[in-house]
Amino acid sequence: MTDSLSQHQEPNGEAPAVHLEPDGDIAFIVIDNPPVNASSVAVRSGLLDAIERLSGDAGIKAGIIIGAGSTFVAGADIKEFGRPPSPPELPTVLAAIEACPKPIAAAIHGAALGGGLELALACDARVALADAIVGLPEVTLGIIPGAGGTQRLPRLTGIATALDLVTSGRRIGVREAAKLGIIDRVVEGKSLRDGAAAFVRALPGKRIVADLGVPPETDEAIAQAEQRALKSGRGREAVAEAVKAVKNAAVLPVREALAQERAAFLRLRDSEEAAALRYNFFAERQAGKLDGHARARPINSVGVVGAGTMGAGIASVCAAAGLGVILVDANTGALEAGKGRVSTALIDLHRVGKLKAASAEAAAAHVTYADNIAALAGVDLVIEAVFEDLQVKTDVLQRLAATVRADAVIATNTSYLDLDQLAEATHRPADVIGLHFFAPVHRMRLLEVVRGAKSDPTALASGVWLAKTIGKLPIIAGVCEGFIGNRIYTRYRAQCEYMLEEGALPQELDAAMEDLGFAMGPFGVSDLSGLDIAWATRKRKAAGRDPRERYVGIADRICEMGRLGRKTGAGWYDYSVGSGRGAVDPVVTELVRAEALKQGRPQKILARAEMQGRVLGAIVNEAALLLGEGIARSAAEIDLVLVNGFGFSKFRGGPVFQASRKAPAEIEAMVEAAGQATGFGFKRGDVGSLMAGVPN
Ligand code: 3H9
């Protein structure tokens with residue numbers, strides 16, 4: 001080894017993103033770019049420089065690219081995607097590795113994802129620790145691999161397998177990757193360096209993957225893989241482009257196929273879908289991060305009170321994650337029904353592959369049942385999920401506070417009640433937090449973790465820990481009626497109902513909202529979940545409602561007709577004609593028209609864009625209020641709530657993100673229109689500040 005290899009210094013005095021570590025006749029090329037060694041411009045130029053120096057050093061026979069810290073390379077630096085590409089680009093680095101006369105291996109620990117795996121595929125061999133993962137997740141970011149992934153991977157695995165991996169973005173373990181031909185040597189134990197060094201010293205020479213032929217396969221196998229990919233990625237351009245690119249590997253000269261891949265990557269990188277998914281990616285990484293250094297209290301066992309739909313759902317997700325659960329309900333009939341619900345949810349979780357235990361029965365064994373709160377004396381965290389009534393919940397929480405250990409966390413699953421009032425009633429408010437689950441609990445990813453005025457940071461951290469452990473996305477919210485999600489949804493729904501009185505019909509509004517990004521419009525949703533609960537709430541609140549507030553009575557009229565949604569065969573739509581989405585019912589059309597006339601409001605034809613603008617205006621205004629009041633922490637977290645709890649498409653980022661793509665004057669006009677329609681009581685939020693927090 002000559003001195004030239006270890007002399008490199010960054011001009012600014014910072015630690016270089018890539019450095020060489022000689023080891024006899026080989027050199028480790030160490031990528032050191034915390035936190036995940038993303039292949040940023042500094043890494044790319046560092047690699048290029050290292051390869052050049054290694055090539056020119058007569059004392060070095062081979063190189064090993066390895067990551068410092070906890071991982072190999074997690075991919076391209078996603079933060080760079082919003083900007084024009086800066087040279088050197090990754091394909092240039094990979095070409096240099098292939099052109100280097102000496103063999104270069106990749107030594108993988110942690111993750112080799114996206115550009116990280118592409119880097120490894122351009123090497124002459126791949127060595128990995130047994131617990132590492134590899135994958136090409138680009139489609140989950142609305143793009144396709146941009147540095148040869150669609151060409152080099154199929155040369156090792158065949159086209160059908162590459163189609164599956166590239167179009168699903170699936171991450172796989174190293175053992176599976178070795179079976180598929182992606183990894184050449186699995187290193188057992190901890191010493192990746194030693195294992196890789198021994199392997200590289202024994203390499204006969206270069207083995208350039210791009211020069212290999214694609215392994216033979218039947219046309220049928222490829223056609224089936226293509227069909228599966230296009231079916232599950234229906235309507236997604238990135239998936240269609242990925243299919244095209246991978247199939248090119250079998251028919252085009254590699255240089256031409258690489259150029260086509262790169263062109264598609266660069267085009268998709270600038271797409272709206274890619275921008276939305278990037279926004280979502282970074283938002284998810286921030287969600288659940290706590291200010292300060294509070295640590296979660298240790299939680300091994302969870303108590304759940306109330307064996308109804310929510311309680312049983314909560315018990316099943318905790319059991320599925322391997323936590324010990326005690327489900328309590330004083331009503332033994334309800335407890336028995338709860339057992340059935342837990343079992344159904346666990347079977348469903350097993351069916352979709354989201355169960356840690358080998359079987360639903362094994363997970364069910366984590367749940368024990370009791371008819372008395374006294375059974376919860378030893379649990380680490382307890383969640384009450386009883387009837388949504390202040391008195392009922394207060395009573396249960398008081399009894400829990402007197403029963404559970406002094407260091408236990410006490411959570412309420414309330415949707416609308418005042419968490420601070422409930423917490424005070426326990427006389428130990430520091431231990432109380434809200435855990436607001438969404439139904440069906442075992443399917444919905446969102447969990448609002450509610451911070452009370454006196455919640456201890458360790459109690460809040462415990463809620464976040466639990467959310468992550470049971471596979472939910474924790475969004476921290478402050479106390480207000482409806483927290484983040486339901487508060488916004490209430491405004492959204494109200495705005496749609498106002499439009500019913502102005503000339504729009506339920507099916508027109510539903511179609512407009514689905515076109516905006518919601519999986520189902522508000523009236524379809526209402527039929528699905530049943531109209532009765534909201535009706536009961538409206539009746540309960542009727543006495544306290546200010547008569548100056550705009551109130552649309554159409555939903556009440558529908559309920560009075562006994563149309564409570566799908567379960568009664570009719571609601572906003574008619575379901576008597578069979579399953580599916582329900583048919584437009586002339587009875588409802590007539591009722592809507594008659595009620596609108598009764599209000600004496602001018603009738604007009606509302607264009608789809610106007611309906612969407614009104615709704616976006618209402619949503620962003622409420623989002624701005626939530627941010628201003630400190631209930632929500634960021635615009636992006638509000639969007640995560642709407643995406644993961646209310647069916648807004650993640651491929652469109654979220655309603656706030658959608659609005660942020662418009663000009664400020666248009667946003668202002670949308671908010672103004674929503675405010676005009678609301679009339680009395682409409683409060684303006686600082687929409688400008690909200691929008692300023694949405695990254696471009
Ligand atoms: C690609 O490669 C395209 C190529 O084909 C193009 C070639 C030309 N960039 O998740 P964590 C940050 S597309 C920038 O909490 P974990 C993350 O924001 C890329 N930043 O850790 C967070 O920052 P902060 C394909 C990134 O241990 C911190 O790292 N690759 C990137 O739970 C820790 O992240 C992917 O899609 C990135 N690529 O999980 C892989 N990745 O601390 C994406 C992470 O400031 N990454 N950050 O909040 C992951 O899946 C996980 O981060 C990983 C670690 C499994 C690696």
# chains A, B, ... in the order shown; residues from 1 in each chain; ligands from 1
$ residues_near_ligand --ligand "ligand 1" --cutoff "7 Å" --atoms "only C-alpha atoms and all ligand atoms" --output "PyMOL selection string"
chain A and resi 35-36+38+74-79+89-91+111+113-116+118+136-138+141+144-147+149+282+285-286
$ write_last_selection --atoms "C-alpha atoms" --output "JSON list (two decimals), in the first residue's frame"
[["chain", "number", "residue", "atom", "x", "y", "z"],
["A", 35, "PRO", "CA", -27.30, 8.57, 8.97],
["A", 36, "VAL", "CA", -27.84, 6.01, 6.18],
["A", 38, "ALA", "CA", -27.19, 7.84, 1.06],
["A", 74, "ALA", "CA", -29.91, 3.20, 1.75],
["A", 75, "GLY", "CA", -30.06, 4.55, -1.80],
["A", 76, "ALA", "CA", -29.86, 7.85, -3.57],
["A", 77, "ASP", "CA", -30.13, 10.91, -1.36],
["A", 78, "ILE", "CA", -33.86, 11.55, -1.69],
["A", 79, "LYS", "CA", -33.35, 15.16, -0.61],
["A", 89, "GLU", "CA", -24.12, 10.97, -11.42],
["A", 90, "LEU", "CA", -24.36, 7.45, -10.04],
["A", 91, "PRO", "CA", -24.20, 5.70, -13.45],
["A", 111, "ALA", "CA", -29.62, -2.24, 4.04],
["A", 113, "LEU", "CA", -31.64, -0.30, -1.12],
["A", 114, "GLY", "CA", -32.28, 1.51, -4.39],
["A", 115, "GLY", "CA", -29.06, 3.16, -5.55],
["A", 116, "GLY", "CA", -27.31, 1.22, -2.74],
["A", 118, "GLU", "CA", -27.44, -0.70, -7.75],
["A", 136, "LEU", "CA", -35.16, -1.72, -5.18],
["A", 137, "PRO", "CA", -37.95, 0.35, -3.52],
["A", 138, "GLU", "CA", -37.92, 3.12, -6.15],
["A", 141, "LEU", "CA", -41.19, 6.79, -4.40],
["A", 144, "ILE", "CA", -37.84, 3.53, -11.25],
["A", 145, "PRO", "CA", -34.22, 2.58, -10.55],
["A", 146, "GLY", "CA", -32.00, 5.11, -12.29],
["A", 147, "ALA", "CA", -28.57, 3.47, -12.13],
["A", 149, "GLY", "CA", -31.09, -1.74, -11.35],
["A", 282, "PHE", "CA", -40.00, 12.37, 4.99],
["A", 285, "ARG", "CA", -39.83, 9.69, 9.29],
["A", 286, "GLN", "CA", -40.69, 12.75, 11.40]]
$ select_by_dssp --residues "region 389-555 of chain A" --states "helix (DSSP H, G or I)" --output "MDAnalysis selection string"
chainID A and resid 390:403 419:426 429:431 457:469 485:500 506:516 522:529 532:544 554:555
$ residues_around --residues "Leu153 (chain A)" --least-positions-apart "6" --cutoff "9 Å" --atoms "only C-alpha atoms" --output "PyMOL selection string"
chain A and resi 118+121+159+161-162+166+182+209+246
$ write_last_selection --atoms "N, CA, C and O atoms" --output "compact mmCIF listing (two decimals), in the first residue's frame"
# COMPACT_ATOMS: atom_id res chain seq x y z
N GLU A 118 -27.99 -0.89 -6.40
CA GLU A 118 -27.44 -0.70 -7.75
C GLU A 118 -25.92 -0.59 -7.72
O GLU A 118 -25.23 -1.12 -8.58
N LEU A 121 -24.64 -4.01 -7.29
CA LEU A 121 -24.80 -4.83 -8.50
C LEU A 121 -23.75 -4.50 -9.56
O LEU A 121 -23.46 -5.31 -10.44
N ILE A 159 -35.78 -12.46 -15.59
CA ILE A 159 -36.71 -11.33 -15.78
C ILE A 159 -37.91 -11.42 -14.82
O ILE A 159 -38.31 -10.41 -14.22
N THR A 161 -38.40 -12.76 -11.81
CA THR A 161 -38.11 -12.36 -10.42
C THR A 161 -37.81 -10.86 -10.35
O THR A 161 -38.27 -10.17 -9.43
N ALA A 162 -37.07 -10.37 -11.32
CA ALA A 162 -36.73 -8.93 -11.31
C ALA A 162 -38.01 -8.11 -11.46
O ALA A 162 -38.16 -7.06 -10.80
N VAL A 166 -38.71 -5.34 -8.67
CA VAL A 166 -38.65 -3.93 -9.06
C VAL A 166 -40.04 -3.28 -9.02
O VAL A 166 -40.17 -2.12 -8.62
N ILE A 182 -28.50 -12.91 -6.11
CA ILE A 182 -28.12 -11.50 -5.95
C ILE A 182 -26.88 -11.38 -5.06
O ILE A 182 -26.01 -10.55 -5.28
N VAL A 209 -21.48 -7.73 -14.11
CA VAL A 209 -22.87 -8.23 -14.23
C VAL A 209 -23.51 -7.74 -15.53
O VAL A 209 -24.22 -8.49 -16.21
N VAL A 246 -37.49 -3.39 -17.24
CA VAL A 246 -36.94 -4.72 -16.93
C VAL A 246 -37.02 -5.61 -18.18
O VAL A 246 -36.07 -6.34 -18.50
$ atom_distance --atom1 "CA of Glu273 (chain A)" --atom2 "CA of Leu290 (chain A)"
28.9 Å
$ residues_around --residues "Glu560 (chain A)" --least-positions-apart "2" --cutoff "12 Å" --atoms "only C-alpha atoms" --output "list in words"
Leu531, Asp532, Trp535, Ala536, Gly553, Ile554, Ala555, Asp556, Arg557, Ile558, Gly562, Arg563, Leu564, Gly571 and Leu591 of chain A
$ residues_around --residues "Arg428 (chain A)" --least-positions-apart "6" --cutoff "10 Å" --atoms "only C-alpha atoms" --output "list in words"
Gln398, Ala401, Ala402, Ala406, Val409, Ile410, Lys454 and Ser455 of chain A
$ atom_distance --atom1 "CA of Gly288 (chain A)" --atom2 "CA of Ile476 (chain A)"
6.4 Å
$ closest_residue --among "A:Gly645, A:Gly617, A:Gly322, A:Pro602" --to "Arg445 (chain A)" --atoms "only C-alpha atoms"
A:Gly645
$ residues_around --residues "His293 (chain A)" --least-positions-apart "3" --cutoff "12 Å" --atoms "only C-alpha atoms" --output "list in words"
Lys289, Leu290, Ala296, Pro457, Thr458, Leu460 and Ala461 of chain A
$ decode --residues "region 150-236 of chain A" --atoms "C-alpha atoms" --output "PDB file, in the first residue's frame"
ATOM      1  CA  THR A 150     -33.550  -2.790 -14.047  1.00  0.00           C
ATOM      2  CA  GLN A 151     -30.697  -4.153 -16.212  1.00  0.00           C
ATOM      3  CA  ARG A 152     -28.229  -5.730 -13.795  1.00  0.00           C
ATOM      4  CA  LEU A 153     -30.777  -7.376 -11.472  1.00  0.00           C
ATOM      5  CA  PRO A 154     -32.479  -9.500 -14.180  1.00  0.00           C
ATOM      6  CA  ARG A 155     -29.042 -10.676 -15.367  1.00  0.00           C
ATOM      7  CA  LEU A 156     -28.663 -12.352 -11.955  1.00  0.00           C
ATOM      8  CA  THR A 157     -32.257 -13.362 -11.127  1.00  0.00           C
ATOM      9  CA  GLY A 158     -34.043 -13.686 -14.452  1.00  0.00           C
ATOM     10  CA  ILE A 159     -36.707 -11.335 -15.779  1.00  0.00           C
ATOM     11  CA  ALA A 160     -39.721 -12.735 -13.857  1.00  0.00           C
ATOM     12  CA  THR A 161     -38.110 -12.357 -10.421  1.00  0.00           C
ATOM     13  CA  ALA A 162     -36.734  -8.932 -11.311  1.00  0.00           C
ATOM     14  CA  LEU A 163     -40.220  -7.849 -12.414  1.00  0.00           C
ATOM     15  CA  ASP A 164     -41.577  -8.874  -9.032  1.00  0.00           C
ATOM     16  CA  LEU A 165     -38.833  -7.149  -7.048  1.00  0.00           C
ATOM     17  CA  VAL A 166     -38.651  -3.928  -9.060  1.00  0.00           C
ATOM     18  CA  THR A 167     -42.405  -3.379  -9.435  1.00  0.00           C
ATOM     19  CA  SER A 168     -43.296  -4.218  -5.821  1.00  0.00           C
ATOM     20  CA  GLY A 169     -40.333  -2.445  -4.242  1.00  0.00           C
ATOM     21  CA  ARG A 170     -40.241  -5.398  -1.835  1.00  0.00           C
ATOM     22  CA  ARG A 171     -37.267  -5.587   0.536  1.00  0.00           C
ATOM     23  CA  ILE A 172     -35.877  -9.085   0.973  1.00  0.00           C
ATOM     24  CA  GLY A 173     -33.550 -10.752   3.439  1.00  0.00           C
ATOM     25  CA  VAL A 174     -30.050 -11.749   2.424  1.00  0.00           C
ATOM     26  CA  ARG A 175     -30.744 -15.488   2.519  1.00  0.00           C
ATOM     27  CA  GLU A 176     -33.534 -15.103  -0.023  1.00  0.00           C
ATOM     28  CA  ALA A 177     -31.311 -12.764  -2.054  1.00  0.00           C
ATOM     29  CA  ALA A 178     -28.538 -15.391  -2.048  1.00  0.00           C
ATOM     30  CA  LYS A 179     -30.955 -18.029  -3.341  1.00  0.00           C
ATOM     31  CA  LEU A 180     -31.972 -15.649  -6.128  1.00  0.00           C
ATOM     32  CA  GLY A 181     -28.330 -15.100  -7.150  1.00  0.00           C
ATOM     33  CA  ILE A 182     -28.116 -11.495  -5.952  1.00  0.00           C
ATOM     34  CA  ILE A 183     -25.695 -12.206  -3.090  1.00  0.00           C
ATOM     35  CA  ASP A 184     -22.608 -14.369  -3.650  1.00  0.00           C
ATOM     36  CA  ARG A 185     -21.626 -15.069  -0.050  1.00  0.00           C
ATOM     37  CA  VAL A 186     -23.533 -14.806   3.221  1.00  0.00           C
ATOM     38  CA  VAL A 187     -21.207 -14.036   6.125  1.00  0.00           C
ATOM     39  CA  GLU A 188     -22.343 -15.603   9.375  1.00  0.00           C
ATOM     40  CA  GLY A 189     -21.451 -13.962  12.665  1.00  0.00           C
ATOM     41  CA  LYS A 190     -20.333 -10.385  12.962  1.00  0.00           C
ATOM     42  CA  SER A 191     -17.082  -9.890  11.047  1.00  0.00           C
ATOM     43  CA  LEU A 192     -18.197  -8.662   7.666  1.00  0.00           C
ATOM     44  CA  ARG A 193     -14.781  -7.136   6.998  1.00  0.00           C
ATOM     45  CA  ASP A 194     -12.911 -10.400   7.574  1.00  0.00           C
ATOM     46  CA  GLY A 195     -15.450 -12.424   5.629  1.00  0.00           C
ATOM     47  CA  ALA A 196     -15.410  -9.998   2.717  1.00  0.00           C
ATOM     48  CA  ALA A 197     -11.608  -9.731   2.686  1.00  0.00           C
ATOM     49  CA  ALA A 198     -11.188 -13.520   2.559  1.00  0.00           C
ATOM     50  CA  PHE A 199     -13.794 -13.768  -0.193  1.00  0.00           C
ATOM     51  CA  VAL A 200     -12.271 -11.010  -2.308  1.00  0.00           C
ATOM     52  CA  ARG A 201      -8.737 -12.395  -2.017  1.00  0.00           C
ATOM     53  CA  ALA A 202     -10.035 -15.663  -3.487  1.00  0.00           C
ATOM     54  CA  LEU A 203     -11.834 -14.009  -6.424  1.00  0.00           C
ATOM     55  CA  PRO A 204     -10.519 -15.188  -9.789  1.00  0.00           C
ATOM     56  CA  GLY A 205     -10.949 -11.728 -11.375  1.00  0.00           C
ATOM     57  CA  LYS A 206     -13.611  -9.352 -12.641  1.00  0.00           C
ATOM     58  CA  ARG A 207     -17.202 -10.437 -13.178  1.00  0.00           C
ATOM     59  CA  ILE A 208     -19.157  -7.577 -14.725  1.00  0.00           C
ATOM     60  CA  VAL A 209     -22.866  -8.232 -14.234  1.00  0.00           C
ATOM     61  CA  ALA A 210     -23.878  -5.921 -17.103  1.00  0.00           C
ATOM     62  CA  ASP A 211     -21.919  -8.142 -19.491  1.00  0.00           C
ATOM     63  CA  LEU A 212     -23.786 -11.307 -18.463  1.00  0.00           C
ATOM     64  CA  GLY A 213     -26.647 -12.720 -20.489  1.00  0.00           C
ATOM     65  CA  VAL A 214     -30.160 -12.878 -19.013  1.00  0.00           C
ATOM     66  CA  PRO A 215     -30.827 -16.438 -17.699  1.00  0.00           C
ATOM     67  CA  PRO A 216     -33.300 -18.374 -19.890  1.00  0.00           C
ATOM     68  CA  GLU A 217     -36.956 -18.479 -18.768  1.00  0.00           C
ATOM     69  CA  THR A 218     -40.272 -19.384 -20.342  1.00  0.00           C
ATOM     70  CA  ASP A 219     -42.311 -16.630 -21.984  1.00  0.00           C
ATOM     71  CA  GLU A 220     -45.207 -17.764 -19.825  1.00  0.00           C
ATOM     72  CA  ALA A 221     -43.333 -17.123 -16.566  1.00  0.00           C
ATOM     73  CA  ILE A 222     -42.458 -13.616 -17.749  1.00  0.00           C
ATOM     74  CA  ALA A 223     -46.010 -12.899 -18.953  1.00  0.00           C
ATOM     75  CA  GLN A 224     -47.452 -14.003 -15.611  1.00  0.00           C
ATOM     76  CA  ALA A 225     -45.027 -11.831 -13.653  1.00  0.00           C
ATOM     77  CA  GLU A 226     -45.862  -8.883 -15.892  1.00  0.00           C
ATOM     78  CA  GLN A 227     -49.596  -9.367 -15.435  1.00  0.00           C
ATOM     79  CA  ARG A 228     -49.268  -9.608 -11.651  1.00  0.00           C
ATOM     80  CA  ALA A 229     -47.165  -6.443 -11.583  1.00  0.00           C
ATOM     81  CA  LEU A 230     -49.511  -4.420 -13.762  1.00  0.00           C
ATOM     82  CA  LYS A 231     -52.539  -5.614 -11.810  1.00  0.00           C
ATOM     83  CA  SER A 232     -51.220  -4.606  -8.401  1.00  0.00           C
ATOM     84  CA  GLY A 233     -49.731  -1.374  -9.757  1.00  0.00           C
ATOM     85  CA  ARG A 234     -52.813  -0.480 -11.776  1.00  0.00           C
ATOM     86  CA  GLY A 235     -52.807   3.095 -12.987  1.00  0.00           C
ATOM     87  CA  ARG A 236     -49.304   3.775 -11.686  1.00  0.00           C
TER      88      ARG A 236
END
